[in-house]
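Shown here: upload-v5.cif, mmCIF, C-alpha atoms.
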data_final
loop_
_atom_site.label_atom_id
_atom_site.label_comp_id
_atom_site.auth_asym_id
_atom_site.auth_seq_id
_atom_site.Cartn_x
_atom_site.Cartn_y
_atom_site.Cartn_z
CA MET A 1 89.24 92.19 54.71
CA GLN A 2 87.29 88.94 54.77
CA ASP A 3 83.59 89.10 53.96
CA LYS A 4 82.25 88.55 57.48
CA GLU A 5 79.22 89.93 59.27
CA ALA A 6 80.00 93.24 60.97
CA ILE A 7 79.37 93.64 64.68
CA LEU A 8 80.23 97.36 64.61
CA GLU A 9 79.85 99.87 61.79
CA LEU A 10 80.68 103.56 61.67
CA ARG A 11 79.12 105.21 58.62
CA ASN A 12 80.45 108.64 57.66
CA VAL A 13 80.90 109.61 61.31
CA SER A 14 82.06 113.12 62.16
CA LYS A 15 82.49 114.99 65.44
CA TYR A 16 83.06 118.74 65.72
CA PHE A 17 83.74 120.71 68.87
CA GLY A 18 82.99 124.28 67.85
CA GLY A 19 85.46 124.99 65.08
CA ILE A 20 87.64 121.98 65.91
CA THR A 21 87.32 118.80 63.86
CA ALA A 22 87.94 115.73 66.05
CA SER A 23 86.71 113.16 63.51
CA GLU A 24 85.55 113.64 59.95
CA ASP A 25 83.69 111.25 57.65
CA ILE A 26 85.03 108.08 59.30
CA CYS A 27 83.83 104.75 57.90
CA ILE A 28 84.84 101.58 59.78
CA SER A 29 83.39 98.07 59.67
CA VAL A 30 84.52 95.62 62.36
CA PRO A 31 83.75 91.94 61.58
CA LYS A 32 82.58 89.66 64.38
CA GLY A 33 85.45 87.77 65.96
CA TYR A 34 88.17 90.20 64.85
CA ILE A 35 90.80 92.00 66.84
CA TYR A 36 90.65 95.36 65.09
CA GLY A 37 93.27 98.07 65.59
CA ILE A 38 92.86 101.84 65.38
CA ILE A 39 96.12 103.76 65.41
CA GLY A 40 97.33 107.27 64.76
CA PRO A 41 99.33 110.10 66.32
CA ASN A 42 98.15 111.87 69.46
CA GLY A 43 95.17 114.04 68.60
CA ALA A 44 94.16 111.87 65.64
CA GLY A 45 90.67 111.33 67.06
CA LYS A 46 90.95 107.73 68.29
CA THR A 47 89.51 108.15 71.78
CA THR A 48 86.83 110.46 70.36
CA LEU A 49 85.64 107.52 68.26
CA PHE A 50 85.47 105.32 71.36
CA ASN A 51 83.51 108.04 73.16
CA MET A 52 81.01 108.20 70.31
CA ILE A 53 80.65 104.42 70.12
CA THR A 54 79.93 104.22 73.87
CA GLY A 55 77.60 107.21 74.03
CA VAL A 56 79.86 109.61 75.92
CA TYR A 57 79.53 111.90 72.87
CA ASP A 58 76.86 111.89 70.22
CA THR A 59 77.95 112.12 66.62
CA THR A 60 77.73 115.47 64.85
CA GLU A 61 77.14 113.63 61.59
CA GLY A 62 76.88 110.00 60.55
CA GLU A 63 75.59 106.83 62.16
CA ILE A 64 76.97 104.03 64.36
CA PHE A 65 75.49 100.53 64.30
CA PHE A 66 76.05 97.64 66.71
CA ASN A 67 74.71 94.29 65.51
CA GLY A 68 72.65 96.20 62.97
CA LYS A 69 71.03 98.49 65.57
CA LYS A 70 71.69 102.22 65.44
CA ILE A 71 73.26 103.24 68.74
CA ASN A 72 74.46 106.81 68.35
CA GLY A 73 72.25 109.01 70.49
CA LEU A 74 71.56 106.23 73.00
CA PRO A 75 72.62 106.67 76.66
CA THR A 76 75.88 105.04 77.70
CA ALA A 77 74.09 102.56 79.97
CA ALA A 78 71.81 101.44 77.14
CA ILE A 79 74.78 100.82 74.85
CA ALA A 80 76.53 98.84 77.60
CA LYS A 81 73.39 96.77 78.10
CA LEU A 82 73.41 95.86 74.40
CA GLY A 83 76.86 94.30 74.88
CA VAL A 84 79.53 96.99 74.45
CA ALA A 85 82.22 97.38 77.15
CA ARG A 86 85.37 99.50 77.29
CA THR A 87 88.49 100.34 79.23
CA PHE A 88 90.21 103.72 79.51
CA GLN A 89 93.66 105.21 78.94
CA ASN A 90 93.95 105.84 82.67
CA ILE A 91 93.11 102.79 84.78
CA ARG A 92 89.79 103.28 86.57
CA LEU A 93 89.57 100.53 89.13
CA PHE A 94 87.89 100.71 92.53
CA GLY A 95 91.30 100.91 94.14
CA SER A 96 90.26 100.35 97.75
CA LEU A 97 88.19 97.26 96.88
CA SER A 98 89.51 93.74 96.46
CA VAL A 99 90.12 92.15 93.08
CA TYR A 100 87.03 89.99 93.64
CA ASP A 101 84.82 92.95 94.55
CA ASN A 102 85.93 94.86 91.45
CA ILE A 103 84.64 91.98 89.34
CA PHE A 104 81.51 91.51 91.46
CA THR A 105 80.44 95.16 91.05
CA ALA A 106 80.50 94.74 87.26
CA CYS A 107 78.08 91.81 87.52
CA GLN A 108 75.33 94.08 88.86
CA LYS A 109 74.23 94.51 85.24
CA ASN A 110 72.80 90.98 85.41
CA ILE A 111 70.75 91.45 88.60
CA THR A 112 66.97 91.29 88.19
CA TYR A 113 65.84 91.07 91.82
CA SER A 114 64.10 94.10 93.32
CA LEU A 115 65.09 96.42 96.15
CA LEU A 116 62.70 94.58 98.44
CA ASP A 117 64.23 91.24 97.46
CA GLY A 118 67.60 92.67 98.48
CA LEU A 119 66.36 94.13 101.75
CA PHE A 120 64.69 90.90 102.85
CA ARG A 121 67.28 88.56 101.31
CA THR A 122 64.61 86.58 99.48
CA PRO A 123 65.38 83.24 97.78
CA LYS A 124 65.52 85.06 94.44
CA CYS A 125 68.12 87.47 95.80
CA ARG A 126 70.25 84.74 97.36
CA ARG A 127 70.04 82.58 94.24
CA GLN A 128 71.19 85.38 91.92
CA GLU A 129 74.00 86.44 94.24
CA ARG A 130 75.27 82.86 94.46
CA ALA A 131 75.24 82.66 90.68
CA MET A 132 77.14 85.95 90.41
CA SER A 133 79.69 84.80 92.99
CA ASP A 134 80.28 81.56 91.09
CA TYR A 135 80.67 83.50 87.85
CA CYS A 136 83.19 85.89 89.43
CA GLU A 137 85.28 82.98 90.67
CA GLU A 138 85.20 81.34 87.24
CA LEU A 139 86.21 84.59 85.51
CA LEU A 140 89.08 85.24 87.94
CA GLU A 141 90.31 81.70 87.28
CA ALA A 142 90.00 82.15 83.52
CA VAL A 143 91.98 85.40 83.44
CA GLY A 144 94.69 84.27 85.84
CA LEU A 145 93.76 86.49 88.78
CA ILE A 146 92.33 83.94 91.18
CA GLU A 147 95.44 83.95 93.40
CA PHE A 148 95.02 87.72 93.85
CA ARG A 149 91.31 87.38 94.67
CA ASP A 150 91.47 89.09 98.07
CA GLN A 151 94.19 91.64 97.35
CA GLN A 152 93.30 95.32 97.24
CA ALA A 153 93.25 96.45 93.59
CA ASP A 154 95.63 99.37 94.24
CA ASN A 155 98.27 96.93 95.51
CA LEU A 156 98.46 94.92 92.28
CA PRO A 157 101.41 95.42 89.91
CA TYR A 158 100.61 97.72 87.01
CA GLY A 159 100.25 94.94 84.44
CA LEU A 160 97.80 93.04 86.64
CA GLN A 161 95.78 96.20 87.23
CA ARG A 162 95.34 96.45 83.46
CA ARG A 163 94.33 92.79 83.35
CA LEU A 164 91.80 93.37 86.13
CA GLU A 165 90.31 96.35 84.31
CA ILE A 166 89.82 94.23 81.19
CA ALA A 167 88.44 91.34 83.26
CA ARG A 168 85.95 93.72 84.86
CA ALA A 169 84.78 94.71 81.37
CA MET A 170 84.43 91.01 80.54
CA ALA A 171 82.24 90.53 83.62
CA THR A 172 79.47 92.52 81.93
CA SER A 173 79.19 89.68 79.35
CA PRO A 174 79.96 91.90 76.35
CA GLN A 175 80.08 90.93 72.72
CA LEU A 176 82.50 93.79 71.98
CA ILE A 177 85.26 95.30 74.13
CA LEU A 178 86.98 98.59 73.29
CA LEU A 179 90.51 98.74 74.72
CA ASP A 180 91.93 102.27 74.96
CA GLU A 181 95.74 102.05 75.13
CA PRO A 182 95.90 98.97 77.37
CA ALA A 183 99.68 98.70 76.97
CA ALA A 184 100.34 102.31 78.01
CA GLY A 185 103.15 102.45 80.58
CA MET A 186 104.04 98.77 80.23
CA ASN A 187 107.52 97.33 79.83
CA ASP A 188 108.30 94.73 77.15
CA GLU A 189 107.53 91.77 79.41
CA GLU A 190 104.19 93.24 80.49
CA SER A 191 103.32 94.06 76.88
CA MET A 192 103.98 90.46 75.83
CA ALA A 193 101.77 89.16 78.63
CA LEU A 194 99.02 91.62 77.66
CA THR A 195 99.22 90.53 74.01
CA ALA A 196 98.70 86.88 74.97
CA PHE A 197 95.86 87.84 77.33
CA VAL A 198 93.98 89.90 74.73
CA GLN A 199 94.42 87.11 72.18
CA SER A 200 92.88 84.65 74.64
CA ILE A 201 89.86 86.90 75.19
CA ARG A 202 89.01 86.61 71.50
CA ASP A 203 90.04 82.98 71.02
CA GLU A 204 88.62 81.47 74.22
CA HIS A 205 85.68 83.76 74.98
CA GLY A 206 84.57 84.75 71.47
CA ILE A 207 84.61 88.48 72.21
CA THR A 208 85.32 90.92 69.39
CA ILE A 209 87.95 93.52 70.31
CA VAL A 210 88.75 97.00 69.03
CA ILE A 211 92.07 98.26 70.35
CA ILE A 212 93.83 101.62 70.35
CA ASP A 213 97.51 101.60 71.24
CA HIS A 214 100.82 103.26 70.47
CA HIS A 215 102.77 100.05 71.08
CA MET A 216 103.23 98.90 67.50
CA ASP A 217 104.56 95.51 68.58
CA VAL A 218 101.25 94.87 70.40
CA ILE A 219 99.10 96.15 67.52
CA MET A 220 100.97 94.28 64.80
CA ALA A 221 101.01 91.03 66.79
CA LEU A 222 97.32 91.13 67.66
CA CYS A 223 95.29 92.75 64.94
CA ASP A 224 93.55 91.15 61.97
CA HIS A 225 92.91 94.55 60.43
CA ILE A 226 93.99 98.11 61.19
CA THR A 227 92.59 101.58 60.50
CA VAL A 228 94.96 104.54 60.66
CA LEU A 229 93.70 108.02 61.57
CA ASN A 230 95.50 111.32 61.12
CA PHE A 231 94.13 114.72 62.19
CA GLY A 232 90.66 113.24 62.56
CA GLN A 233 90.59 111.75 59.08
CA LEU A 234 90.97 108.21 57.80
CA LEU A 235 94.46 107.80 56.38
CA ALA A 236 94.65 104.07 55.60
CA LYS A 237 93.11 100.65 56.16
CA GLY A 238 94.61 97.22 55.77
CA SER A 239 96.30 94.19 57.26
CA PRO A 240 99.29 94.69 59.58
CA ASP A 241 101.67 93.96 56.68
CA GLU A 242 99.90 96.47 54.44
CA ILE A 243 99.94 99.15 57.13
CA GLN A 244 103.63 98.67 57.90
CA THR A 245 104.54 99.18 54.25
CA ASN A 246 102.09 101.98 53.45
CA PRO A 247 104.19 105.09 52.61
CA ASP A 248 101.56 107.53 53.88
CA VAL A 249 101.42 105.72 57.24
CA ILE A 250 105.19 105.56 57.47
CA THR A 251 105.43 109.31 56.88
CA ALA A 252 102.56 110.32 59.17
CA TYR A 253 102.90 107.87 62.02
CA LEU A 254 105.41 105.05 62.01
CA GLY A 255 108.27 107.32 61.09
CA VAL A 256 110.83 107.35 58.30
CA ASP A 257 114.24 105.72 58.68
CA ASP A 258 117.17 108.10 58.53
#
Target format structure tokens, applied to this file:
Amino acid sequence: MQDKEAILELRNVSKYFGGITASEDICISVPKGYIYGIIGPNGAGKTTLFNMITGVYDTTEGEIFFNGKKINGLPTAAIAKLGVARTFQNIRLFGSLSVYDNIFTACQKNITYSLLDGLFRTPKCRRQERAMSDYCEELLEAVGLIEFRDQQADNLPYGLQRRLEIARAMATSPQLILLDEPAAGMNDEESMALTAFVQSIRDEHGITIVIIDHHMDVIMALCDHITVLNFGQLLAKGSPDEIQTNPDVITAYLGVDD
């Protein structure tokens, strides 16, 4: 891996649930500006890592750093405020709201006006809401959803729902986005569109991305570096080419040709 400043570091991170080991002694360093893949069979501990990074779980052992600041043990909201956003395996949109309103709700993180400002619609309130509205329009344009602005989120095709979920994460102005199986349930055409979209998030918006997915075509096309987990332990690290030719990975995850 290139010698670049890390935005995210996991140092000897472990998570135990009673007698079950979900993650054990995991060390990962994600450089700023990378698209970084984490792969492994079901039950390998991938989503558990995301849950520890975002404060859903605390670590049993080890430390997690974001931009040099220790974040394990912090509340989820505090970690999000620092600049970490995520999506989930199962899409979690506000289905009855419009595409625009899904984005607008995520912008609440940037509001500084008080309850009284909101009640009396003060100049400060109106000014901030205009700024948020402009930002939402710009983001919808940037991610290719502007023509669906007023559609109810539940009525979007599956691939566009995934795009909206990622766009909503982008609306929080993150430095790092964690994508948990964004290509799940997608056909080949949708997967190709998602790959181009995720690439553009890094290239055009400067956001570092960590992605979990079982679609190897998506992972291999996108990622600068990949970590492979197996039964909660680190199995391998390397470039996509190195991972595809690693015999341990082939046996444990990618499969062996007959």
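Going from atom CA of A:Lys109 over to atom CA of A:Leu140, you cover 17.7 Å.
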(request) Skip A:Ser200 itself and residues of its chain fewer than 6 positions away, then list as a list in words all residues within 10 Å of it, counting only C-alpha atoms. (result) Ala142, Val143, Leu194, Gly206 and Ile207 of chain A
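Put simply, atom CA of A:Ala153 is 17.3 Å away from atom CA of A:Met186.
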(request) Check what the PyMOL selection byres ((chain A and resi 31) around 6) selects in the file above and give those residues as a PyMOL selection string. (result) chain A and resi 4-7+30+32+34
Emit the selected residues as a tab-separated table (two decimals), keeping the file's coordinate frame, including C-alpha atoms.
chain	number	residue	atom	x	y	z
A	4	LYS	CA	82.25	88.55	57.48
A	5	GLU	CA	79.22	89.93	59.27
A	6	ALA	CA	80.00	93.24	60.97
A	7	ILE	CA	79.37	93.64	64.68
A	30	VAL	CA	84.52	95.62	62.36
A	32	LYS	CA	82.58	89.66	64.38
A	34	TYR	CA	88.17	90.20	64.85
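For the residues A:Met216, A:Ala221, A:Leu178, A:Leu160, ranking by smallest atom-to-atom distance to A:Gly83 using all atoms listed in the file places A:Leu178 first.
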(message) Nearest residue to A:His215 out of A:Asn187, A:Asn67, A:Gln108, A:Ser239, using only C-alpha atoms?
(response) A:Asn187
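When atom CA of A:Asp154 is paired with atom CA of A:Ser96, their separation reads 6.5 Å.
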Quick one: contact table of stretch 136-250 of chain A to stretch 99-105 of chain A, 7 Å max, nearest atom pair and distance in Å to one decimal per residue, counting only C-alpha atoms, chain and number order, as a Markdown table?
| residue | atom | partner | partner_atom | distance |
| --- | --- | --- | --- | --- |
| A:Cys136 | CA | A:Phe104 | CA | 6.2 |
| A:Phe148 | CA | A:Val99 | CA | 6.7 |
| A:Arg149 | CA | A:Tyr100 | CA | 5.1 |
| A:Asp150 | CA | A:Val99 | CA | 6.0 |
| A:Gln151 | CA | A:Val99 | CA | 5.9 |
| A:Gln152 | CA | A:Val99 | CA | 6.1 |
| A:Ala153 | CA | A:Val99 | CA | 5.3 |
| A:Arg168 | CA | A:Ile103 | CA | 5.0 |
| A:Ala171 | CA | A:Ile103 | CA | 6.4 |
Dump of C-alpha atoms for the selected residues, as a CSV table (one decimal), keeping the file's coordinate frame:
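Final output, part04.csv:
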chain,number,residue,atom,x,y,z
A,136,CYS,CA,83.2,85.9,89.4
A,148,PHE,CA,95.0,87.7,93.8
A,149,ARG,CA,91.3,87.4,94.7
A,150,ASP,CA,91.5,89.1,98.1
A,151,GLN,CA,94.2,91.6,97.4
A,152,GLN,CA,93.3,95.3,97.2
A,153,ALA,CA,93.2,96.4,93.6
A,168,ARG,CA,86.0,93.7,84.9
A,171,ALA,CA,82.2,90.5,83.6
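When the PyMOL selection byres ((chain A and resi 49-64) around 7) is run on the displayed coordinates, the residues it returns are Glu9, Leu10, Arg11, Asn12, Val13, Ser14, Lys15, Tyr16, Gly45, Lys46, Thr47, Thr48, Phe65, Phe66, Lys70, Ile71, Asn72, Gly73, Leu74, Pro75, Thr76 and Ile79 of chain A.
Distances from A:Leu156, A:Met132, A:Cys107, A:Ile91 to A:Gly185 were compared using only C-alpha atoms, and the smallest one belongs to A:Ile91.
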(message) If the PyMOL selection byres ((chain A and resi 111) around 12) were run on this exact file, what residues would it hold? Put them as a ChimeraX atom specification.
(response) /A:104-110,112-115,117-118,124-133,172
